[in-house]
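What follows is the content of work_5.txt (compact mmCIF, C-alpha atoms).
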# COMPACT_ATOMS: atom_id res chain seq x y z
CA MET A 13 0.00 0.00 0.00
CA PHE A 14 2.73 2.41 1.02
CA CYS A 15 4.80 1.31 -1.96
CA ARG A 16 1.89 2.04 -4.33
CA LEU A 17 1.55 5.48 -2.88
CA THR A 18 5.26 6.08 -3.24
CA HIS A 19 5.17 4.86 -6.85
CA TRP A 20 2.42 7.35 -7.58
CA MET A 21 4.45 10.12 -5.95
CA ILE A 22 7.47 9.15 -8.04
CA SER A 23 5.38 9.21 -11.23
CA ARG A 24 3.91 12.57 -10.35
CA ALA A 25 7.37 13.99 -9.72
CA ALA A 26 8.59 12.54 -13.03
CA ASP A 27 5.77 14.29 -14.88
CA GLY A 28 6.82 17.65 -13.57
CA GLY A 29 4.27 17.77 -10.80
CA LYS A 30 4.85 18.39 -7.12
CA GLU A 31 8.06 17.34 -5.47
CA MET A 32 8.20 14.10 -3.58
CA PRO A 33 7.02 14.42 0.03
CA ARG A 34 9.69 13.73 2.62
CA PHE A 35 8.03 10.54 3.89
CA ALA A 36 7.89 9.12 0.34
CA ASP A 37 11.49 10.14 -0.26
CA ARG A 38 12.60 8.37 2.91
CA HIS A 39 10.58 5.28 1.98
CA ARG A 40 12.14 5.21 -1.50
CA GLU A 41 15.60 5.20 0.07
CA ARG A 42 14.71 2.26 2.28
CA CYS A 43 12.47 0.23 -0.08
CA ARG A 44 14.26 -1.60 -2.87
CA ALA A 45 11.18 -1.92 -5.12
CA CYS A 46 10.39 1.76 -4.86
CA GLY A 47 14.02 2.64 -5.47
CA ASP A 48 14.01 0.49 -8.60
CA TYR A 49 10.83 2.14 -9.78
CA ALA A 50 12.27 5.60 -9.20
CA ARG A 51 15.39 4.75 -11.19
CA PHE A 52 13.28 3.21 -13.93
CA ALA A 53 11.08 6.32 -14.15
CA GLU A 54 14.12 8.58 -14.22
CA SER A 55 15.74 6.53 -16.97
CA LEU A 56 12.72 6.59 -19.29
CA PRO A 57 13.27 9.99 -20.98
CA THR A 58 16.82 9.07 -22.00
CA ARG A 59 15.93 5.54 -23.02
CA PHE A 60 12.90 6.51 -25.05
CA ALA A 61 14.75 9.37 -26.71
CA GLY A 62 17.61 7.03 -27.62
CA GLU A 63 15.30 4.43 -29.08
CA THR A 64 12.96 6.74 -30.96
CA PRO A 65 14.99 6.93 -34.21
CA ALA A 66 15.17 3.14 -34.47
CA PHE A 67 11.48 2.84 -33.67
CA LEU A 68 10.57 5.37 -36.36
CA ALA A 69 12.85 3.65 -38.84
CA GLU A 70 10.62 0.60 -38.50
CA VAL A 71 7.65 2.58 -39.74
CA PRO A 72 6.74 1.45 -43.25
CA GLY A 73 7.62 4.08 -45.82
CA PHE A 74 4.80 5.95 -47.45
CA SER A 75 4.50 9.21 -49.31
CA LEU A 76 2.04 11.99 -48.86
CA ASP A 77 0.15 13.14 -51.91
CA PHE A 78 0.34 16.91 -51.79
CA ALA A 79 -1.08 17.21 -55.29
CA LYS A 80 -4.51 16.80 -53.72
CA THR A 81 -4.05 19.66 -51.27
CA PRO A 82 -5.30 23.02 -52.50
CA ALA A 83 -3.00 26.03 -52.52
CA VAL A 84 -3.24 28.23 -49.48
CA SER A 85 -3.83 31.87 -50.27
CA SER A 86 -1.23 34.30 -48.99
CA GLY A 87 -3.83 36.00 -46.81
CA ASP A 88 -4.98 34.88 -43.42
CA THR A 89 -7.67 32.30 -43.90
CA ARG A 90 -8.98 32.94 -40.43
CA GLU A 91 -9.70 36.53 -41.36
CA SER A 92 -11.40 35.56 -44.57
CA ARG A 93 -13.48 32.98 -42.72
CA SER A 94 -14.50 35.44 -40.06
CA GLY A 95 -15.38 37.94 -42.78
CA ARG A 96 -17.60 35.40 -44.45
CA ARG A 97 -19.25 34.52 -41.18
CA SER A 98 -19.89 38.12 -40.24
CA VAL A 99 -22.37 38.41 -43.10
CA LEU A 100 -24.37 35.57 -41.66
CA ARG A 101 -24.21 36.58 -38.00
CA PRO A 102 -27.80 36.36 -36.80
CA LEU A 103 -27.62 38.78 -33.87
CA PRO A 104 -26.81 42.01 -35.76
CA ILE A 105 -29.33 41.10 -38.46
CA ALA A 106 -32.04 40.56 -35.83
CA ALA A 107 -31.15 43.86 -34.16
CA VAL A 108 -31.42 45.76 -37.44
CA LEU A 109 -34.78 44.10 -38.18
CA VAL A 110 -36.12 45.06 -34.75
CA VAL A 111 -35.08 48.68 -35.27
CA ILE A 112 -36.73 48.80 -38.69
CA VAL A 113 -39.97 47.19 -37.48
CA SER A 114 -40.23 49.40 -34.38
CA GLY A 115 -39.57 52.44 -36.56
CA LEU A 116 -42.39 51.45 -38.87
CA VAL A 117 -44.72 50.90 -35.88
CA LEU A 118 -43.98 54.23 -34.22
CA TYR A 119 -43.74 56.44 -37.30
CA ARG A 120 -45.79 56.86 -40.42
CA VAL A 121 -44.14 57.65 -43.65
CA VAL A 122 -45.95 60.53 -45.39
CA PRO A 123 -44.84 61.57 -48.83
CA ARG A 124 -44.05 65.26 -49.20
CA GLU A 125 -46.32 67.47 -51.33
CA ALA A 126 -45.13 68.87 -54.58
CA PRO A 127 -42.99 72.00 -54.18
CA LEU A 128 -44.79 75.39 -54.37
CA THR A 129 -44.82 77.29 -57.64
CA ILE A 130 -44.00 81.00 -57.82
CA ALA A 131 -47.71 81.86 -58.26
CA ASP A 132 -48.61 79.84 -55.17
CA LYS A 133 -45.88 81.56 -53.19
CA ASN A 134 -47.13 85.02 -54.23
CA ALA A 135 -50.71 84.10 -53.30
CA ALA A 136 -49.57 82.81 -49.90
CA ILE A 137 -47.60 86.01 -49.23
CA ALA A 138 -50.59 88.14 -50.23
CA GLY A 139 -52.91 86.18 -47.94
CA LEU A 140 -50.46 86.52 -45.08
CA ALA A 141 -50.22 90.29 -45.68
CA SER A 142 -54.01 90.66 -45.59
CA VAL A 143 -54.21 88.81 -42.29
CA THR A 144 -51.42 90.72 -40.62
CA ALA A 145 -52.39 94.18 -41.97
CA ILE A 146 -53.69 96.77 -39.40
CA PRO A 147 -57.50 97.07 -39.75
CA ASN A 148 -59.10 100.50 -40.50
CA ASP A 149 -61.02 100.75 -37.20
CA PHE A 150 -58.06 99.68 -35.18
CA GLN A 151 -58.03 102.73 -32.88
CA GLY A 152 -61.74 102.37 -31.98
CA ALA A 153 -61.39 98.71 -31.30
CA VAL A 154 -58.51 99.39 -28.98
CA ALA A 155 -60.57 102.04 -27.14
CA GLN A 156 -63.51 99.66 -26.68
CA ALA A 157 -61.40 96.83 -25.53
CA GLU A 158 -61.55 96.09 -21.85
CA SER A 159 -58.42 95.39 -20.11
CA PRO A 160 -58.52 92.42 -17.74
CA LEU A 161 -57.94 94.75 -14.77
CA VAL A 162 -61.00 96.92 -15.59
CA ARG A 163 -63.16 93.84 -16.03
CA GLU A 164 -61.98 92.50 -12.73
CA ARG A 165 -62.80 95.77 -10.98
CA LEU A 166 -66.35 95.79 -12.42
CA ILE A 167 -66.96 92.25 -11.20
CA LEU A 168 -65.66 93.22 -7.78
CA GLU A 169 -67.98 96.32 -7.66
CA LYS A 170 -71.00 94.16 -8.52
CA SER A 171 -70.12 91.73 -5.76
CA VAL A 172 -69.72 94.52 -3.21
CA ARG A 173 -73.02 96.07 -4.28
CA SER A 174 -74.90 92.82 -3.86
CA ALA A 175 -73.25 92.29 -0.49
CA ILE A 176 -74.39 95.77 0.62
CA GLU A 177 -77.96 95.02 -0.50
CA TYR A 178 -77.88 91.84 1.47
CA PHE A 179 -76.69 93.52 4.66
CA GLN A 180 -79.26 96.35 4.27
CA ALA A 181 -82.08 93.83 3.98
CA ARG A 182 -80.83 91.59 6.70
CA LEU A 183 -79.79 94.13 9.32
CA ASN A 184 -82.43 96.72 8.45
CA ILE A 185 -79.91 99.45 7.96
CA GLU A 186 -78.98 101.76 5.15
CA ILE A 187 -75.57 101.91 3.77
CA ALA A 188 -74.86 105.05 1.78
CA LYS A 189 -72.09 105.66 -0.61
CA LYS A 190 -69.43 108.21 0.34
CA GLN A 191 -69.07 111.41 -1.60
CA GLY A 192 -66.57 111.43 -4.45
CA SER A 193 -66.34 107.73 -5.03
CA ASP A 194 -67.86 107.01 -8.37
CA SER A 195 -68.21 103.63 -9.71
CA LEU A 196 -66.28 102.60 -12.71
CA GLU A 197 -69.45 102.07 -14.69
CA LYS A 198 -70.46 105.66 -14.11
CA ARG A 199 -67.05 106.93 -14.99
CA GLN A 200 -67.15 104.99 -18.21
CA LEU A 201 -70.63 106.32 -18.96
CA LEU A 202 -69.50 109.87 -18.36
CA MET B 23 15.72 33.14 -38.02
CA THR B 24 15.68 34.77 -41.39
CA ALA B 25 14.40 33.62 -44.73
CA SER B 26 17.97 32.69 -45.69
CA THR B 27 18.11 30.03 -42.93
CA PRO B 28 18.10 26.53 -44.40
CA ILE B 29 14.64 25.05 -44.20
CA ASP B 30 15.76 22.01 -42.21
CA GLU B 31 17.17 24.28 -39.51
CA LYS B 32 13.95 26.16 -38.98
CA THR B 33 11.73 25.36 -36.03
CA ASP B 34 8.30 23.82 -36.52
CA GLU B 35 6.64 27.04 -35.46
CA GLU B 36 8.63 29.10 -38.00
CA LEU B 37 7.71 26.69 -40.75
CA ALA B 38 4.08 26.78 -39.70
CA GLN B 39 4.07 30.56 -39.85
CA GLU B 40 5.59 30.47 -43.32
CA ALA B 41 3.02 27.92 -44.38
CA ARG B 42 0.37 30.20 -42.99
CA ALA B 43 1.73 32.95 -45.20
CA GLY B 44 1.29 30.66 -48.20
CA SER B 45 4.52 28.66 -48.37
CA ARG B 46 3.73 25.15 -49.52
CA ARG B 47 7.35 24.17 -49.28
CA SER B 48 7.40 24.92 -45.55
CA PHE B 49 4.31 22.83 -44.99
CA GLU B 50 5.82 19.94 -46.92
CA GLU B 51 8.85 20.14 -44.66
CA LEU B 52 6.60 19.96 -41.62
CA ALA B 53 4.79 16.98 -43.08
CA LEU B 54 8.11 15.30 -43.77
CA ARG B 55 9.20 15.82 -40.18
CA TYR B 56 6.02 14.54 -38.64
CA LYS B 57 4.51 11.94 -40.96
CA ARG B 58 6.24 8.96 -39.35
CA ARG B 59 5.67 10.26 -35.84
CA LEU B 60 2.03 10.86 -36.58
CA PHE B 61 1.75 7.43 -38.15
CA VAL B 62 3.01 5.80 -34.94
CA PHE B 63 0.47 7.76 -32.91
CA LEU B 64 -2.46 7.04 -35.22
CA ARG B 65 -1.62 3.38 -35.68
CA SER B 66 -2.09 2.87 -31.96
CA ARG B 67 -5.60 4.25 -32.26
CA LEU B 68 -6.72 2.92 -35.62
CA GLY B 69 -5.06 -0.47 -35.41
CA SER B 70 -3.93 -0.93 -38.99
CA ASP B 71 -1.08 0.52 -41.02
CA GLN B 72 -3.33 1.32 -43.96
CA ASP B 73 -5.83 3.22 -41.86
CA ALA B 74 -3.01 5.09 -40.14
CA GLU B 75 -1.49 6.09 -43.50
CA ASP B 76 -4.84 7.33 -44.75
CA MET B 77 -5.39 9.25 -41.55
CA VAL B 78 -1.93 10.85 -41.73
CA GLN B 79 -2.76 12.02 -45.25
CA GLU B 80 -6.15 13.30 -44.15
CA THR B 81 -4.71 15.07 -41.14
CA PHE B 82 -2.13 16.95 -43.15
CA PHE B 83 -4.74 17.77 -45.79
CA LYS B 84 -6.97 19.25 -43.11
CA LEU B 85 -4.14 21.11 -41.43
CA TYR B 86 -3.01 22.64 -44.70
CA ARG B 87 -6.54 23.79 -45.41
CA ASN B 88 -6.83 25.34 -41.94
CA ILE B 89 -3.26 26.56 -41.51
CA GLY B 90 -4.66 30.08 -41.06
CA ASN B 91 -6.09 28.95 -37.73
CA TYR B 92 -2.71 27.99 -36.34
CA ASP B 93 -1.76 30.06 -33.30
CA PRO B 94 2.05 30.49 -33.09
CA ALA B 95 1.72 30.83 -29.31
CA TYR B 96 1.32 27.04 -29.15
CA HIS B 97 3.60 24.25 -30.27
CA PHE B 98 2.91 23.03 -33.76
CA SER B 99 3.09 19.44 -32.54
CA THR B 100 0.27 20.04 -30.04
CA TRP B 101 -1.94 21.42 -32.79
CA LEU B 102 -1.02 18.58 -35.12
CA TYR B 103 -1.67 15.78 -32.64
CA THR B 104 -4.88 17.37 -31.38
CA SER B 105 -6.26 17.55 -34.92
CA ALA B 106 -5.09 14.03 -35.70
CA ASN B 107 -6.63 12.64 -32.52
CA ARG B 108 -9.97 14.27 -33.26
CA LEU B 109 -9.98 12.99 -36.82
CA ALA B 110 -9.10 9.50 -35.62
CA ILE B 111 -11.90 9.52 -33.06
CA SER B 112 -14.34 10.71 -35.70
CA SER B 113 -13.17 8.01 -38.09
CA TYR B 114 -13.38 5.38 -35.36
CA ARG B 115 -16.98 6.36 -34.59
CA LYS B 116 -17.95 6.24 -38.24
CA ARG B 117 -16.39 2.84 -38.58
CA LYS B 118 -18.11 1.62 -35.44
CA THR B 119 -21.46 2.75 -36.81
CA ALA B 120 -20.80 0.98 -40.10
CA GLU B 121 -19.71 -2.16 -38.25
CA SER B 122 -22.83 -2.18 -36.12
CA ARG B 123 -24.85 -2.22 -39.32
CA LEU B 124 -22.91 -5.22 -40.56
CA GLU B 125 -23.09 -6.97 -37.21
CA THR B 126 -25.97 -9.12 -38.33
CA ASP B 127 -23.70 -10.66 -40.95
CA GLY B 128 -21.38 -11.87 -38.19
CA ARG B 129 -18.35 -10.32 -39.85
CA ARG B 130 -17.50 -7.83 -37.16
CA GLU B 131 -13.81 -6.98 -36.71
CA PRO B 132 -12.25 -5.81 -33.43
CA ALA B 133 -13.38 -2.24 -32.74
CA ASP B 134 -10.01 -0.97 -31.63
CA PRO B 135 -7.27 -3.40 -32.58
CA ALA B 136 -4.68 -1.12 -31.01
CA ALA B 137 -6.11 -1.87 -27.61
CA ALA B 138 -5.35 -5.53 -28.18
CA GLY B 139 -1.71 -4.73 -28.83
CA PRO B 140 0.54 -4.46 -31.90
CA ASP B 141 0.16 -6.63 -34.97
CA GLY B 142 3.45 -8.33 -34.17
CA GLU B 143 5.13 -7.40 -37.44
CA SER B 144 7.69 -5.20 -35.78
CA SER B 145 11.11 -6.66 -35.46
CA VAL B 146 12.30 -4.00 -33.05
CA ASP B 147 12.67 -5.43 -29.54
CA ASP B 148 12.99 -2.22 -27.64
CA LEU B 149 11.18 -0.06 -25.14
CA TRP B 150 8.85 1.47 -27.71
CA ALA B 151 7.91 -1.93 -29.04
CA GLU B 152 7.06 -3.00 -25.52
CA ALA B 153 5.18 0.22 -24.98
CA ARG B 154 3.00 -0.67 -27.94
CA THR B 155 1.89 -3.79 -26.13
CA LEU B 156 0.49 -1.73 -23.28
CA GLY B 157 -2.58 -0.71 -25.20
CA GLY B 158 -3.59 2.30 -27.21
CA SER B 159 -4.21 4.99 -24.62
CA GLN B 160 -1.14 4.21 -22.49
CA PHE B 161 1.08 4.05 -25.54
CA ARG B 162 -0.25 7.35 -26.88
CA ALA B 163 0.33 9.03 -23.53
CA LEU B 164 3.89 7.67 -23.46
CA TRP B 165 4.49 8.69 -27.06
CA LEU B 166 3.37 12.25 -26.50
CA ARG B 167 5.33 12.48 -23.23
CA TYR B 168 8.61 10.91 -24.31
CA GLY B 169 8.41 10.84 -28.10
CA GLU B 170 7.18 14.40 -28.50
CA ASP B 171 8.25 15.81 -25.14
CA LEU B 172 4.88 17.40 -24.49
CA SER B 173 3.88 18.58 -21.04
CA ILE B 174 1.01 17.03 -19.08
CA GLU B 175 -1.18 20.02 -19.96
CA GLU B 176 -0.42 19.66 -23.67
CA ILE B 177 -1.07 15.94 -23.62
CA ALA B 178 -4.36 16.50 -21.82
CA ALA B 179 -5.39 19.06 -24.44
CA THR B 180 -4.29 16.80 -27.28
CA LEU B 181 -6.10 13.71 -26.04
CA GLY B 182 -9.12 15.62 -24.75
CA LYS B 183 -8.62 14.24 -21.23
CA SER B 184 -8.06 15.77 -17.82
CA ARG B 185 -4.55 16.25 -16.46
CA LEU B 186 -5.23 13.73 -13.72
CA THR B 187 -6.30 11.13 -16.29
CA VAL B 188 -3.09 11.70 -18.22
CA ARG B 189 -1.00 11.35 -15.04
CA VAL B 190 -2.79 8.11 -14.20
CA LEU B 191 -2.28 6.80 -17.75
CA LEU B 192 1.43 7.56 -17.59
CA HIS B 193 1.76 6.05 -14.14
CA ARG B 194 0.05 2.85 -15.24
CA ALA B 195 2.14 2.75 -18.39
CA ARG B 196 5.36 3.05 -16.39
CA THR B 197 4.27 0.45 -13.87
CA ASN B 198 3.23 -2.01 -16.57
CA LEU B 199 6.34 -1.33 -18.59
CA MET B 200 8.54 -2.00 -15.59
CA LYS B 201 6.73 -5.26 -14.88
CA ARG B 202 7.32 -6.40 -18.45
CA GLN B 203 10.93 -5.40 -18.25
CA GLY B 204 11.29 -7.05 -14.86
CA ASP B 205 13.82 -9.57 -15.97
CA LYS B 206 15.88 -7.05 -17.95
CA PRO B 207 18.60 -4.92 -16.38
CA CYS B 208 17.83 -1.26 -16.07
CA SER B 209 20.25 0.72 -18.25
CA ALA B 210 20.19 3.63 -15.83
CA ALA B 211 21.01 1.52 -12.82

Take the structure from the file and write it as structure tokens.
Amino acid sequence: MFCRLTHWMISRAADGGKEMPRFADRHRERCRACGDYARFAESLPTRFAGETPAFLAEVPGFSLDFAKTPAVSSGDTRESRSGRRSVLRPLPIAAVLVVIVSGLVLYRVVPREAPLTIADKNAAIAGLASVTAIPNDFQGAVAQAESPLVRERLILEKSVRSAIEYFQARLNIEIAKKQGSDSLEKRQLL
Amino acid sequence: MTASTPIDEKTDEELAQEARAGSRRSFEELALRYKRRLFVFLRSRLGSDQDAEDMVQETFFKLYRNIGNYDPAYHFSTWLYTSANRLAISSYRKRKTAESRLETDGRREPADPAAAGPDGESSVDDLWAEARTLGGSQFRALWLRYGEDLSIEEIAATLGKSRLTVRVLLHRARTNLMKRQGDKPCSAA
């Protein structure tokens, strides 16, 4: 059992693995069988190397037919292969398809109208000028226009007046207007 | 190494790079260097000389076609043996399928003759010849370790096995080899 373990350690050391543990080293020195195995394992590289030429010389002679092999192009075949594959890569193609389909779903393609002629342009400019021109009764319209502030004051006056009427009826009192404070309506009427 | 260096003095990796650049001559030199070595390796898996020859031819044909995939960071021999091993496995499976179809005829041949040992034609009575008797996988591990001087990691990658499996294969091969050589004196002793 211990010899088997030591043999394994010797083999592992011969294959460039870990060094022999001290206990296995001591056992190898004491055990004849393990010592023989260690020497045998150590001798193998030299023996095999020495016998390889003779062993290969025994191999029956045969020739390789290179006429069948196609010529290799001077370029890198790996690059050319990867270039050919890139055309067929499914992921980029799928991504492009998704973008196109989603674009078609979200947007509508509307063809542009025919470009304007000179006559159309002139008519459009004339129409624009008529819309933007100052009307004849512009000053009067401006005078009649109510500013938002005036309108707000009128609404407020109406509310105050109705509140006064309410209090007069409810409390049986009379609320009179002070001298010199005209309402806006009166002022406008004057 | 420059282009003026004699072709037989160039390393495998230099030749492979030249072959990758389009040099057929460099690839032929590589094939010349490795065809016998590869034959020995493949014979142990395929079992017959004829099959091994065909597979050597097929392997080099495939390698030449795919020489652009060779990565100079790795040994050429590792790439070569890995490709050869895969082709041999594929061929073995095809043959097994074909044999299973013919099984009803009762003419089935041994699936992996290499596992049963060498064909006995070799006249060499040496360590390698004895190693061949160990069986296919142990012989291949020994061949890659001592014939090609590959590391455990390279052998594992070549054979498609774990490093531990390769260590176990080599250990068994050594143990069995020593048993068979039991009555012979150790040259290193």

> Within 8 Å of chain A, which residues of chain B show up when using only C-alpha atoms, listed as a ChimeraX atom specification?
Replying inline: /B:42-46,50,58-59,61-62,75,79,83,86-91,144-146,148-151,168-169,173-174,189,192-193,196-197,200,208-211

Residues at most 12 Å from Ala178 of chain B, counting all atoms listed in the file, excluding those fewer than 5 positions away in the same chain, as a tab-separated table (two decimals) with C-alpha atoms, in the frame of the given file?
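Wrote it out as selection.tsv, contents follow:
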chain	number	residue	atom	x	y	z
B	100	THR	CA	0.27	20.04	-30.04
B	103	TYR	CA	-1.67	15.78	-32.64
B	104	THR	CA	-4.88	17.37	-31.38
B	107	ASN	CA	-6.63	12.64	-32.52
B	159	SER	CA	-4.21	4.99	-24.62
B	162	ARG	CA	-0.25	7.35	-26.88
B	163	ALA	CA	0.33	9.03	-23.53
B	166	LEU	CA	3.37	12.25	-26.50
B	167	ARG	CA	5.33	12.48	-23.23
B	172	LEU	CA	4.88	17.40	-24.49
B	173	SER	CA	3.88	18.58	-21.04
B	183	LYS	CA	-8.62	14.24	-21.23
B	184	SER	CA	-8.06	15.77	-17.82
B	185	ARG	CA	-4.55	16.25	-16.46
B	186	LEU	CA	-5.23	13.73	-13.72
B	187	THR	CA	-6.30	11.13	-16.29
B	188	VAL	CA	-3.09	11.70	-18.22
B	189	ARG	CA	-1.00	11.35	-15.04
B	190	VAL	CA	-2.79	8.11	-14.20
B	191	LEU	CA	-2.28	6.80	-17.75
B	192	LEU	CA	1.43	7.56	-17.59

> In Å to one decimal, how far is atom CA of Glu176 of chain B from atom CA of Asp93 of chain B?
Replying inline: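 For atom CA of Asp93 of chain B relative to atom CA of Glu176 of chain B, the distance reads 14.2 Å.
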
> Which polymer residues, protein or nucleic acid, are no farther than 9 Å from (1.2, 23.8, -38.6), counting all atoms listed in the file, as a list in words?
Replying inline: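 Collected hits near the coordinates: Asp34, Glu35, Leu37, Ala38, Gln39, Ala41, Arg42, Phe49, Leu52, Ala53, Phe82, Leu85, Tyr86, Asn88, Ile89, Gly90, Asn91, Tyr92, Asp93, Pro94, His97, Phe98, Ser99, Trp101 and Leu102 of chain B.
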
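In this model, the gap between atom CA of Lys201 of chain B and atom CA of Ala153 of chain B comes to 11.6 Å.
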
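For the pair atom CA of Ala188 of chain A and atom CA of Lys170 of chain A, the separation is 15.5 Å.
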
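If all atoms listed in the file are the atoms counted, then among B:Arg108, B:Tyr56, B:Gly69, B:Gly157 the closest residue to Thr180 of chain B is B:Arg108.
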
Find the smallest box with edges along x, y and z containing every listed atom of segment 106-118 of chain A, then add 3 Å on each side and report centre and edge lengths in Å to one decimal, as JSON.
{"center_x": -37.9, "center_y": 47.4, "center_z": -36.5, "size_x": 19.6, "size_y": 19.7, "size_z": 10.7}
